[in-house]
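> Following this line is structure_16.json, made up of JSON, C-alpha atoms:
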```json
[["chain", "number", "residue", "atom", "x", "y", "z"],
["B", 284, "MET", "CA", 54.31, -54.55, -54.66],
["B", 285, "ASP", "CA", 55.25, -51.40, -52.77],
["B", 286, "PHE", "CA", 57.05, -52.66, -49.65],
["B", 287, "LEU", "CA", 56.49, -49.44, -47.68],
["B", 288, "ASN", "CA", 52.75, -49.55, -48.37],
["B", 289, "PHE", "CA", 52.57, -53.20, -47.33],
["B", 290, "PHE", "CA", 54.63, -52.63, -44.18],
["B", 291, "GLY", "CA", 52.59, -49.52, -43.41],
["B", 292, "SER", "CA", 49.33, -51.46, -43.74],
["B", 293, "LEU", "CA", 50.52, -53.93, -41.10],
["B", 294, "VAL", "CA", 51.53, -51.11, -38.75],
["B", 295, "VAL", "CA", 48.16, -49.41, -39.24],
["B", 296, "LEU", "CA", 46.31, -52.67, -38.62],
["B", 297, "VAL", "CA", 48.19, -53.54, -35.43],
["B", 298, "GLU", "CA", 47.98, -50.04, -33.95],
["B", 299, "ALA", "CA", 44.30, -49.70, -34.80],
["B", 300, "LEU", "CA", 43.39, -53.04, -33.21],
["B", 301, "LEU", "CA", 45.42, -52.28, -30.09],
["B", 302, "GLY", "CA", 43.96, -48.78, -29.81],
["B", 303, "ILE", "CA", 40.41, -50.05, -30.19],
["B", 304, "LEU", "CA", 41.12, -52.71, -27.55],
["B", 305, "PHE", "CA", 42.51, -50.18, -25.07],
["B", 306, "SER", "CA", 39.65, -47.70, -25.50],
["B", 307, "SER", "CA", 37.08, -50.52, -25.42],
["B", 308, "CYS", "CA", 38.49, -51.55, -22.03],
["B", 309, "VAL", "CA", 38.09, -47.96, -20.85],
["B", 310, "ILE", "CA", 34.42, -48.02, -21.89],
["B", 311, "PHE", "CA", 33.91, -51.44, -20.30],
["B", 312, "ILE", "CA", 35.33, -50.25, -16.99],
["B", 313, "TYR", "CA", 33.10, -47.17, -17.02],
["B", 314, "PHE", "CA", 29.92, -49.19, -17.43],
["B", 315, "SER", "CA", 31.01, -51.91, -15.01],
["B", 316, "SER", "CA", 29.80, -49.83, -12.05],
["B", 317, "THR", "CA", 26.92, -47.38, -12.00],
["B", 318, "SER", "CA", 28.27, -45.69, -8.86],
["B", 319, "ASP", "CA", 31.42, -44.42, -10.58],
["B", 320, "ARG", "CA", 29.84, -42.41, -13.42],
["B", 321, "THR", "CA", 31.29, -39.04, -12.48],
["B", 322, "SER", "CA", 31.87, -35.98, -14.65],
["B", 323, "PHE", "CA", 35.56, -36.75, -15.07],
["B", 324, "ASN", "CA", 34.75, -40.34, -16.03],
["B", 325, "LEU", "CA", 32.20, -39.06, -18.51],
["B", 326, "ILE", "CA", 34.87, -37.03, -20.32],
["B", 327, "CYS", "CA", 37.17, -40.06, -20.39],
["B", 328, "LEU", "CA", 34.31, -42.14, -21.80],
["B", 329, "SER", "CA", 33.82, -39.58, -24.56],
["B", 330, "ARG", "CA", 37.54, -39.61, -25.39],
["B", 331, "ALA", "CA", 37.55, -43.40, -25.60],
["B", 332, "ILE", "CA", 34.55, -43.45, -27.94],
["B", 333, "ASN", "CA", 36.18, -40.80, -30.15],
["B", 334, "ASN", "CA", 39.39, -42.84, -30.28],
["B", 335, "ILE", "CA", 37.47, -45.87, -31.50],
["B", 336, "ILE", "CA", 35.63, -43.86, -34.16],
["B", 337, "VAL", "CA", 38.86, -42.44, -35.59],
["B", 338, "LEU", "CA", 40.82, -45.69, -35.38],
["B", 339, "PHE", "CA", 38.03, -47.73, -36.95],
["B", 340, "PHE", "CA", 36.86, -45.47, -39.76],
["B", 341, "ASN", "CA", 39.99, -43.52, -40.69],
["B", 342, "PHE", "CA", 42.61, -46.21, -40.16],
["B", 343, "LEU", "CA", 40.92, -49.61, -40.44],
["B", 344, "ILE", "CA", 38.28, -48.73, -43.03],
["B", 345, "LEU", "CA", 40.16, -46.14, -45.10],
["B", 346, "GLU", "CA", 43.94, -46.23, -44.72],
["B", 347, "PHE", "CA", 44.56, -49.93, -44.07],
["B", 348, "PRO", "CA", 43.01, -51.27, -47.32],
["B", 349, "THR", "CA", 44.36, -48.31, -49.30],
["B", 350, "LEU", "CA", 47.89, -49.12, -48.16],
["B", 351, "LEU", "CA", 47.46, -52.86, -48.60],
["B", 352, "LEU", "CA", 46.17, -52.55, -52.17],
["B", 353, "SER", "CA", 48.30, -49.47, -53.00],
["B", 354, "GLN", "CA", 45.33, -47.68, -54.48],
["B", 355, "ASN", "CA", 42.30, -45.60, -53.56],
["B", 356, "PHE", "CA", 39.39, -47.94, -54.18],
["B", 357, "TYR", "CA", 36.62, -46.00, -52.39],
["B", 358, "SER", "CA", 34.69, -43.36, -54.23],
["B", 359, "ILE", "CA", 36.06, -39.87, -53.67],
["B", 360, "LYS", "CA", 32.85, -38.81, -51.93],
["B", 361, "ILE", "CA", 33.13, -41.67, -49.42],
["B", 362, "GLU", "CA", 36.76, -40.79, -48.75],
["B", 363, "THR", "CA", 35.86, -37.14, -48.27],
["B", 364, "LEU", "CA", 33.09, -38.07, -45.86],
["B", 365, "ILE", "CA", 35.34, -40.29, -43.74],
["B", 366, "ILE", "CA", 38.22, -37.80, -43.68],
["B", 367, "ILE", "CA", 36.22, -34.72, -42.71],
["B", 368, "ILE", "CA", 34.18, -36.47, -40.02],
["B", 369, "THR", "CA", 37.10, -38.26, -38.36],
["B", 370, "VAL", "CA", 39.24, -35.12, -38.32],
["B", 371, "ASN", "CA", 36.48, -33.26, -36.49],
["B", 372, "VAL", "CA", 35.95, -36.13, -34.04],
["B", 373, "TYR", "CA", 39.67, -35.99, -33.36],
["B", 374, "LEU", "CA", 39.40, -32.27, -32.61],
["B", 375, "VAL", "CA", 36.67, -32.93, -30.04],
["B", 376, "ASN", "CA", 39.21, -34.91, -28.04],
["B", 377, "GLU", "CA", 41.68, -32.06, -28.11],
["B", 378, "PHE", "CA", 39.15, -29.50, -26.87],
["B", 379, "GLN", "CA", 38.30, -31.89, -24.05],
["B", 380, "THR", "CA", 41.82, -31.57, -22.64],
["B", 381, "ILE", "CA", 41.00, -27.98, -21.69],
["B", 382, "LEU", "CA", 37.66, -29.09, -20.25],
["B", 383, "ILE", "CA", 39.42, -31.59, -17.98],
["B", 384, "ALA", "CA", 41.97, -29.01, -16.84],
["B", 385, "VAL", "CA", 39.23, -26.49, -16.01],
["B", 386, "ASN", "CA", 37.31, -29.24, -14.19],
["B", 387, "ARG", "CA", 40.20, -29.88, -11.81],
["B", 388, "PHE", "CA", 41.10, -26.23, -11.43],
["B", 389, "ILE", "CA", 37.58, -25.32, -10.27],
["B", 390, "ALA", "CA", 37.51, -28.22, -7.82],
["B", 391, "MET", "CA", 40.73, -27.06, -6.20],
["B", 392, "PHE", "CA", 40.29, -23.29, -6.12],
["B", 393, "VAL", "CA", 36.51, -22.79, -5.88],
["B", 394, "PRO", "CA", 35.43, -26.07, -4.25],
["B", 395, "LEU", "CA", 32.17, -24.67, -2.88],
["B", 396, "PHE", "CA", 30.89, -24.10, -6.42],
["B", 397, "TYR", "CA", 32.37, -27.23, -7.98],
["B", 398, "HIS", "CA", 29.30, -29.46, -7.81],
["B", 399, "LYS", "CA", 27.18, -26.65, -9.24],
["B", 400, "LEU", "CA", 29.57, -25.94, -12.13],
["B", 401, "PHE", "CA", 30.68, -29.47, -12.96],
["B", 402, "ASN", "CA", 28.02, -32.02, -12.22],
["B", 403, "ASN", "CA", 27.23, -34.74, -14.75],
["B", 404, "LYS", "CA", 24.46, -32.79, -16.44],
["B", 405, "ILE", "CA", 26.62, -29.70, -17.01],
["B", 406, "THR", "CA", 29.54, -31.82, -18.21],
["B", 407, "LEU", "CA", 27.23, -33.64, -20.60],
["B", 408, "ALA", "CA", 25.97, -30.27, -21.86],
["B", 409, "PHE", "CA", 29.56, -29.16, -22.56],
["B", 410, "LEU", "CA", 30.26, -32.39, -24.43],
["B", 411, "VAL", "CA", 27.06, -32.16, -26.45],
["B", 412, "ALA", "CA", 27.94, -28.57, -27.36],
["B", 413, "LEU", "CA", 31.37, -29.71, -28.57],
["B", 414, "TYR", "CA", 29.86, -32.45, -30.71],
["B", 415, "LEU", "CA", 27.24, -30.12, -32.14],
["B", 416, "GLU", "CA", 29.85, -27.49, -33.02],
["B", 417, "ARG", "CA", 32.11, -30.06, -34.71],
["B", 418, "GLY", "CA", 29.09, -31.64, -36.38],
["B", 419, "TYR", "CA", 28.07, -28.28, -37.80],
["B", 420, "SER", "CA", 31.64, -27.70, -38.96],
["B", 421, "SER", "CA", 31.67, -31.11, -40.68],
["B", 422, "VAL", "CA", 28.36, -30.52, -42.45],
["B", 423, "THR", "CA", 29.26, -27.05, -43.71],
["B", 424, "LYS", "CA", 32.71, -28.20, -44.85],
["B", 425, "LEU", "CA", 31.31, -31.22, -46.68],
["B", 426, "TRP", "CA", 28.60, -29.09, -48.31],
["B", 427, "SER", "CA", 31.20, -26.60, -49.53],
["B", 428, "LEU", "CA", 33.50, -29.29, -50.89],
["B", 429, "PHE", "CA", 30.78, -31.27, -52.65],
["B", 430, "GLU", "CA", 29.13, -28.14, -54.07],
["B", 431, "ASN", "CA", 32.41, -27.01, -55.64],
["B", 432, "ASN", "CA", 33.53, -30.49, -56.72],
["B", 433, "CYS", "CA", 36.55, -30.21, -54.45],
["B", 434, "GLU", "CA", 36.53, -33.59, -52.76],
["B", 435, "VAL", "CA", 39.55, -34.71, -50.77],
["B", 436, "ILE", "CA", 41.30, -38.07, -50.79],
["B", 437, "TRP", "CA", 44.07, -39.72, -48.82],
["B", 438, "GLY", "CA", 47.12, -39.64, -51.10],
["B", 439, "LEU", "CA", 49.71, -42.43, -51.04],
["B", 440, "ASP", "CA", 52.56, -40.28, -52.33],
["B", 441, "ARG", "CA", 52.92, -38.36, -49.05],
["B", 442, "PHE", "CA", 50.39, -40.26, -46.93],
["B", 443, "SER", "CA", 48.36, -37.12, -46.43],
["B", 444, "ILE", "CA", 45.05, -35.51, -47.29],
["B", 445, "MET", "CA", 44.94, -33.85, -50.69],
["B", 446, "TYR", "CA", 42.38, -32.45, -53.11],
["B", 447, "TYR", "CA", 41.34, -34.78, -55.91],
["B", 448, "ASP", "CA", 41.37, -31.72, -58.19],
["B", 449, "ASP", "CA", 44.63, -29.80, -57.76],
["B", 450, "SER", "CA", 42.98, -26.51, -58.71],
["B", 451, "CYS", "CA", 40.91, -26.65, -55.53],
["B", 452, "SER", "CA", 43.98, -25.91, -53.42],
["B", 453, "VAL", "CA", 43.87, -22.35, -54.79],
["B", 454, "ARG", "CA", 40.20, -21.80, -54.03],
["B", 455, "PHE", "CA", 40.27, -23.59, -50.67],
["B", 456, "PRO", "CA", 43.74, -23.20, -49.13],
["B", 457, "THR", "CA", 44.40, -25.59, -46.27],
["B", 458, "GLY", "CA", 46.32, -23.10, -44.15],
["B", 459, "PHE", "CA", 48.73, -25.82, -43.06],
["B", 460, "ASP", "CA", 51.70, -23.57, -43.85],
["B", 461, "SER", "CA", 50.53, -20.93, -41.39],
["B", 462, "PRO", "CA", 52.51, -20.55, -38.14],
["B", 463, "TRP", "CA", 49.17, -20.53, -36.29],
["B", 464, "ILE", "CA", 48.84, -24.27, -37.01],
["B", 465, "VAL", "CA", 51.53, -24.79, -34.36],
["B", 466, "PHE", "CA", 51.19, -21.68, -32.17],
["B", 467, "LEU", "CA", 47.47, -22.14, -31.50],
["B", 468, "PRO", "CA", 47.79, -25.76, -30.26],
["B", 469, "LEU", "CA", 50.88, -24.68, -28.32],
["B", 470, "GLY", "CA", 48.77, -22.00, -26.63],
["B", 471, "PHE", "CA", 46.11, -24.56, -25.70],
["B", 472, "PHE", "CA", 48.83, -26.88, -24.42],
["B", 473, "ALA", "CA", 50.37, -24.09, -22.32],
["B", 474, "VAL", "CA", 46.99, -23.24, -20.76],
["B", 475, "THR", "CA", 46.27, -26.84, -19.80],
["B", 476, "ILE", "CA", 49.76, -27.32, -18.37],
["B", 477, "LEU", "CA", 49.44, -24.12, -16.33],
["B", 478, "LEU", "CA", 46.08, -25.14, -14.92],
["B", 479, "ASN", "CA", 47.29, -28.64, -14.13],
["B", 480, "LEU", "CA", 50.44, -27.39, -12.42],
["B", 481, "MET", "CA", 48.43, -24.99, -10.27],
["B", 482, "THR", "CA", 46.05, -27.80, -9.40],
["B", 483, "PHE", "CA", 48.86, -30.17, -8.50],
["B", 484, "ALA", "CA", 50.54, -27.47, -6.39],
["B", 485, "LYS", "CA", 47.29, -27.07, -4.48],
["B", 486, "ILE", "CA", 47.15, -30.81, -3.86],
["B", 487, "LEU", "CA", 50.73, -30.94, -2.57],
["B", 488, "ARG", "CA", 50.18, -27.93, -0.32],
["B", 489, "PHE", "CA", 47.09, -29.47, 1.21],
["B", 490, "TYR", "CA", 48.72, -32.83, 1.93],
["B", 491, "LEU", "CA", 52.19, -31.69, 2.90],
["B", 492, "VAL", "CA", 51.19, -28.61, 4.90],
["B", 493, "GLY", "CA", 47.57, -29.20, 5.91],
["B", 494, "THR", "CA", 47.82, -32.85, 6.84],
["B", 495, "HIS", "CA", 50.22, -33.73, 9.67],
["B", 496, "ASN", "CA", 49.13, -37.22, 10.50],
["B", 497, "ALA", "CA", 48.46, -38.92, 7.22],
["B", 498, "ASP", "CA", 46.81, -42.30, 7.56],
["B", 499, "SER", "CA", 46.96, -45.09, 4.98],
["B", 500, "GLU", "CA", 43.85, -43.78, 3.23],
["B", 501, "SER", "CA", 45.38, -40.33, 2.84],
["B", 502, "MET", "CA", 48.61, -41.83, 1.48],
["B", 503, "ASP", "CA", 46.60, -43.79, -1.07],
["B", 504, "SER", "CA", 44.89, -40.55, -2.10],
["B", 505, "ILE", "CA", 48.27, -38.83, -2.53],
["B", 506, "LYS", "CA", 49.46, -41.66, -4.78],
["B", 507, "ASN", "CA", 46.26, -41.47, -6.82],
["B", 508, "ASN", "CA", 46.64, -37.69, -7.21],
["B", 509, "ILE", "CA", 50.25, -38.01, -8.39],
["B", 510, "ARG", "CA", 49.25, -40.72, -10.86],
["B", 511, "LEU", "CA", 46.42, -38.58, -12.17],
["B", 512, "PHE", "CA", 48.74, -35.61, -12.60],
["B", 513, "PHE", "CA", 51.10, -37.58, -14.84],
["B", 514, "GLN", "CA", 48.14, -39.00, -16.75],
["B", 515, "THR", "CA", 46.90, -35.48, -17.42],
["B", 516, "VAL", "CA", 50.26, -34.17, -18.60],
["B", 517, "LEU", "CA", 50.77, -37.14, -20.92],
["B", 518, "GLN", "CA", 47.33, -36.83, -22.47],
["B", 519, "ASP", "CA", 47.61, -33.07, -22.86],
["B", 520, "SER", "CA", 50.96, -33.40, -24.64],
["B", 521, "LEU", "CA", 49.60, -35.80, -27.27],
["B", 522, "PHE", "CA", 47.77, -33.12, -29.25],
["B", 523, "PHE", "CA", 50.72, -30.78, -29.61],
["B", 524, "VAL", "CA", 53.09, -33.62, -30.55],
["B", 525, "ASP", "CA", 50.70, -34.72, -33.28],
["B", 526, "VAL", "CA", 50.28, -31.24, -34.75],
["B", 527, "LEU", "CA", 54.02, -30.56, -34.57],
["B", 528, "PHE", "CA", 54.88, -33.73, -36.51],
["B", 529, "THR", "CA", 52.03, -33.55, -39.02],
["B", 530, "PHE", "CA", 52.33, -29.93, -40.09],
["B", 531, "LYS", "CA", 55.93, -28.95, -39.34],
["B", 532, "LEU", "CA", 58.37, -31.81, -38.77],
["B", 533, "SER", "CA", 56.96, -33.74, -41.73],
["B", 534, "SER", "CA", 58.69, -31.22, -44.02],
["B", 535, "MET", "CA", 62.13, -32.10, -42.65],
["B", 536, "SER", "CA", 62.51, -34.84, -45.27],
["B", 537, "THR", "CA", 60.90, -35.77, -48.58],
["B", 538, "HIS", "CA", 61.38, -39.50, -48.06],
["B", 539, "ARG", "CA", 58.10, -41.42, -48.05],
["B", 540, "LEU", "CA", 59.12, -43.32, -44.94],
["B", 541, "TRP", "CA", 59.44, -40.06, -43.02],
["B", 542, "TYR", "CA", 56.07, -38.90, -44.36],
["B", 543, "PHE", "CA", 54.53, -42.13, -43.09],
["B", 544, "ILE", "CA", 56.11, -41.78, -39.65],
["B", 545, "SER", "CA", 55.30, -38.09, -39.18],
["B", 546, "THR", "CA", 51.69, -38.29, -40.35],
["B", 547, "VAL", "CA", 50.12, -41.75, -40.27],
["B", 548, "PHE", "CA", 52.14, -43.38, -37.50],
["B", 549, "VAL", "CA", 52.12, -40.37, -35.17],
["B", 550, "TRP", "CA", 48.40, -39.60, -35.61],
["B", 551, "GLU", "CA", 47.35, -43.21, -35.10],
["B", 552, "SER", "CA", 49.70, -43.56, -32.12],
["B", 553, "ILE", "CA", 48.02, -40.54, -30.49],
["B", 554, "HIS", "CA", 44.67, -42.33, -30.38],
["B", 555, "MET", "CA", 46.18, -45.66, -29.37],
["B", 556, "LEU", "CA", 48.26, -44.09, -26.58],
["B", 557, "ASP", "CA", 45.34, -42.01, -25.33],
["B", 558, "GLY", "CA", 43.37, -45.16, -24.57],
["B", 559, "LEU", "CA", 46.44, -46.88, -23.15],
["B", 560, "ILE", "CA", 47.20, -43.95, -20.83],
["B", 561, "MET", "CA", 43.66, -43.90, -19.45],
["B", 562, "LEU", "CA", 43.81, -47.65, -18.95],
["B", 563, "MET", "CA", 47.27, -47.80, -17.38],
["B", 564, "PHE", "CA", 46.58, -44.96, -14.95],
["B", 565, "SER", "CA", 43.25, -46.44, -13.96],
["B", 566, "ASP", "CA", 42.85, -47.84, -10.44],
["B", 567, "ARG", "CA", 40.16, -50.21, -11.66],
["B", 568, "ILE", "CA", 42.25, -52.51, -13.87],
["B", 569, "SER", "CA", 41.69, -55.24, -11.29],
["B", 570, "VAL", "CA", 37.96, -54.82, -11.83],
["B", 571, "LEU", "CA", 38.44, -55.32, -15.55],
["B", 572, "LYS", "CA", 40.38, -58.50, -14.85],
["B", 573, "SER", "CA", 37.69, -59.74, -12.51],
["B", 574, "LYS", "CA", 34.98, -59.13, -15.09],
["B", 575, "LEU", "CA", 36.90, -61.04, -17.75],
["B", 576, "GLY", "CA", 37.99, -63.80, -15.34],
["B", 577, "LYS", "CA", 35.32, -64.80, -12.84],
["B", 578, "LYS", "CA", 37.82, -66.58, -10.62],
["B", 579, "SER", "CA", 39.42, -63.35, -9.44],
["B", 580, "SER", "CA", 36.17, -61.54, -8.61],
["B", 581, "ASN", "CA", 36.40, -62.14, -4.88],
["B", 582, "ARG", "CA", 39.81, -60.52, -4.62],
["B", 583, "VAL", "CA", 38.66, -57.21, -6.04],
["B", 584, "SER", "CA", 35.13, -57.00, -4.69],
["B", 585, "GLY", "CA", 36.21, -54.54, -2.02],
["B", 586, "ARG", "CA", 37.54, -51.91, -4.43],
["B", 587, "GLY", "CA", 35.20, -48.97, -4.78],
["B", 588, "ASN", "CA", 37.35, -46.16, -6.22],
["B", 589, "SER", "CA", 36.49, -44.68, -9.59],
["B", 590, "GLU", "CA", 38.52, -45.95, -12.51],
["B", 591, "PHE", "CA", 39.17, -42.48, -13.79],
["B", 592, "ARG", "CA", 38.75, -40.61, -10.57],
["B", 593, "ALA", "CA", 40.05, -37.10, -10.56],
["B", 594, "VAL", "CA", 41.98, -35.63, -7.66],
["B", 595, "THR", "CA", 40.36, -36.42, -4.31],
["B", 596, "ILE", "CA", 40.96, -34.19, -1.33],
["B", 597, "SER", "CA", 39.80, -36.06, 1.74],
["B", 598, "HIS", "CA", 37.88, -34.50, 4.65],
["B", 599, "SER", "CA", 37.76, -30.81, 3.65],
["B", 600, "MET", "CA", 38.04, -30.85, -0.14],
["B", 601, "PRO", "CA", 35.44, -32.13, -2.62],
["B", 602, "ASP", "CA", 36.06, -35.01, -5.02],
["B", 603, "ILE", "CA", 37.18, -34.09, -8.50],
["B", 604, "ASN", "CA", 34.63, -36.15, -10.35]]
```
Before we go any further, please render this structure as structure tokens.

Amino acid sequence: MDFLNFFGSLVVLVEALLGILFSSCVIFIYFSSTSDRTSFNLICLSRAINNIIVLFFNFLILEFPTLLLSQNFYSIKIETLIIIITVNVYLVNEFQTILIAVNRFIAMFVPLFYHKLFNNKITLAFLVALYLERGYSSVTKLWSLFENNCEVIWGLDRFSIMYYDDSCSVRFPTGFDSPWIVFLPLGFFAVTILLNLMTFAKILRFYLVGTHNADSESMDSIKNNIRLFFQTVLQDSLFFVDVLFTFKLSSMSTHRLWYFISTVFVWESIHMLDGLIMLMFSDRISVLKSKLGKKSSNRVSGRGNSEFRAVTISHSMPDIN
């Protein structure tokens, strides 16, 4: 028995179950109140669903049994289908980080047009467009691979995606050795950080300069805004960390343990932590507790803030929903 494969299967199982639990709680909180279904919450809902899809199909269905049995027991077409689809679902989450940053930027700098540019219908349209684009990419990629008998599998030697037929790597290069594999995500990361910093600076200026007599409600809003800022930065950094480890830092060592850490562990942790971050920074955790334990419902019945509420500027600024 390969000890690393067995140990890796346990790690994959635990992380996948935890990640699915965290993201399921995010979904549960969203649907627990019909009054809190804002555009920002809708994006968080989409991220949580995507996390569950990737964790369930790629890690629980594909990688966990493959590691546990130390062999690829699915047909190569099934493996190809799971790999291509889950990779594209994962990419939807990463594009959504920019969508969230733009959402907050518009609310802060052009507040009069915010509800016209980012209501629920428009946000849903953006999300549908993302899914359709990634769906089209998945279909065309699968068609090309199947037509040329160039299916991909998840290899146990380096815990990475590889062609079943080695000759396919010449006809369909992965491009993973290109510097753009790091620079492009870094560019996206820089844009989101810039937008978020500008947004946070606007929030601080409004509260510290524009508000002289802050009441308890305003102070609560400031705390929520600061919490949301750190949530955003943490979520935005996940994508770049994953790409950096998977395509660059993984080459630092040829040891299989390092390959497992830099590819499987890091990628799965991204989806687990994404759900955990949304849950931990939520101001509706008490609502989740009350739903699961009826005895505490009276203590939280007065809370009406959104669980994933974006920055709220009281009195003269619109809600970032």
> When you look at B:Asn371 with a cut-off of 8 Å (counting only C-alpha atoms), what residues show up, excluding the ones that are within fewer than 4 positions of it in the same chain? I need them as number ranges by chain.
B: 367, 375, 417-418, 420-421
> Put those residues in a file: C-alpha atoms, as a short mmCIF file (atom, residue, chain, number, x, y, z; two decimals), in the coordinates of the input.

```cif
data_model
loop_
_atom_site.label_atom_id
_atom_site.label_comp_id
_atom_site.auth_asym_id
_atom_site.auth_seq_id
_atom_site.Cartn_x
_atom_site.Cartn_y
_atom_site.Cartn_z
CA ILE B 367 36.22 -34.72 -42.71
CA VAL B 375 36.67 -32.93 -30.04
CA ARG B 417 32.11 -30.06 -34.71
CA GLY B 418 29.09 -31.64 -36.38
CA SER B 420 31.64 -27.70 -38.96
CA SER B 421 31.67 -31.11 -40.68
#
```
> Using all atoms listed in the file for the distances, tell me which of B:Ile486, B:Ile326, B:Leu352, B:Val453 is nearest to B:Gly291.
B:Leu352
> Which of these, B:Leu425, B:Phe289, B:Thr529, B:Trp541, has the shortest distance to B:Lys360 once you count only C-alpha atoms?
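The answer is B:Leu425, which sits nearest to B:Lys360.
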> Tell me, in Å to one decimal, how far atom CA of B:Met391 is from atom CA of B:Leu480.
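These two atoms are separated by 11.5 Å.
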> So how far away is atom CA of B:Leu517 from atom CA of B:Leu487, in Å?
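Between these atoms lies a distance of 19.4 Å.
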> How many Å lie between atom CA of B:Asp449 and atom CA of B:Ile544, rounded to one decimal?
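Atom CA of B:Asp449 sits 24.6 Å away from atom CA of B:Ile544.
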> Counting all atoms listed in the file, what is within 9 Å of B:Asn403, bar same-chain residues fewer than 4 positions away, as an mmCIF file with C-alpha atoms, in the coordinates of the input?

```
data_model
loop_
_atom_site.group_PDB
_atom_site.id
_atom_site.type_symbol
_atom_site.label_atom_id
_atom_site.label_comp_id
_atom_site.auth_asym_id
_atom_site.auth_seq_id
_atom_site.Cartn_x
_atom_site.Cartn_y
_atom_site.Cartn_z
ATOM 1 C CA ARG B 320 29.840 -42.410 -13.420
ATOM 2 C CA THR B 321 31.290 -39.040 -12.480
ATOM 3 C CA SER B 322 31.870 -35.980 -14.650
ATOM 4 C CA PHE B 323 35.560 -36.750 -15.070
ATOM 5 C CA LEU B 325 32.200 -39.060 -18.510
ATOM 6 C CA HIS B 398 29.300 -29.460 -7.810
ATOM 7 C CA LEU B 407 27.230 -33.640 -20.600
ATOM 8 C CA ALA B 408 25.970 -30.270 -21.860
ATOM 9 C CA ASN B 604 34.630 -36.150 -10.350
#
```
> Any idea what's packed within 8 Å of stretch 379-383 of chain B, counting all atoms listed in the file, ignoring anything in its chain fewer than 6 positions away? Could you give it as a list of chain:residue names?
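My list of contacting residues is B:Phe323, B:Ile326, B:Arg330, B:Phe471, B:Val474, B:Thr475, B:Gln518, B:Asp519.
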> Could you check which of B:Ser443, B:Asn324, B:Ser545, B:Ser307 is closest to B:Glu346, using all atoms listed in the file?
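The closest residue to B:Glu346 is B:Ser443.
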> Given the choices B:Thr482, B:Arg387, B:Thr363, B:Asp448, which gets closest to B:Phe429 if the distance is worked out from all atoms listed in the file?
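Comparing B:Thr482, B:Arg387, B:Thr363, B:Asp448 against B:Phe429, the winner is B:Thr363.
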> For B:Asp285, find every residue with an atom within 12 Å (counting all atoms listed in the file), except residues of its own chain fewer than 5 positions away, and show them as a ChimeraX atom specification.
/B:290-292,349-354,439-440,539-540
> Compile the contact shell of B:Asn479 as a compact mmCIF listing (two decimals) with C-alpha atoms, in the frame of the given file: residues with an atom at most 9 Å away, counting only C-alpha atoms, same-chain residues fewer than 2 positions apart removed.

```txt
# COMPACT_ATOMS: atom_id res chain seq x y z
CA ALA B 384 41.97 -29.01 -16.84
CA VAL B 385 39.23 -26.49 -16.01
CA ARG B 387 40.20 -29.88 -11.81
CA PHE B 388 41.10 -26.23 -11.43
CA VAL B 474 46.99 -23.24 -20.76
CA THR B 475 46.27 -26.84 -19.80
CA ILE B 476 49.76 -27.32 -18.37
CA LEU B 477 49.44 -24.12 -16.33
CA MET B 481 48.43 -24.99 -10.27
CA THR B 482 46.05 -27.80 -9.40
CA PHE B 483 48.86 -30.17 -8.50
CA ALA B 484 50.54 -27.47 -6.39
CA PHE B 512 48.74 -35.61 -12.60
CA THR B 515 46.90 -35.48 -17.42
CA VAL B 516 50.26 -34.17 -18.60
```
> Pick out the closest residue to B:Pro348 from this set: B:Ala412, B:Val295, B:Val309, B:Leu532. Count all atoms listed in the file.
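That would be B:Val295, the residue with the smallest distance to B:Pro348.
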> With all atoms listed in the file as the atoms that count, which of B:Ser427, B:Asn334, B:Asn402, B:Thr537 lies nearest to B:Leu374?
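The shortest atom-to-atom distance to B:Leu374 comes from B:Asn334.
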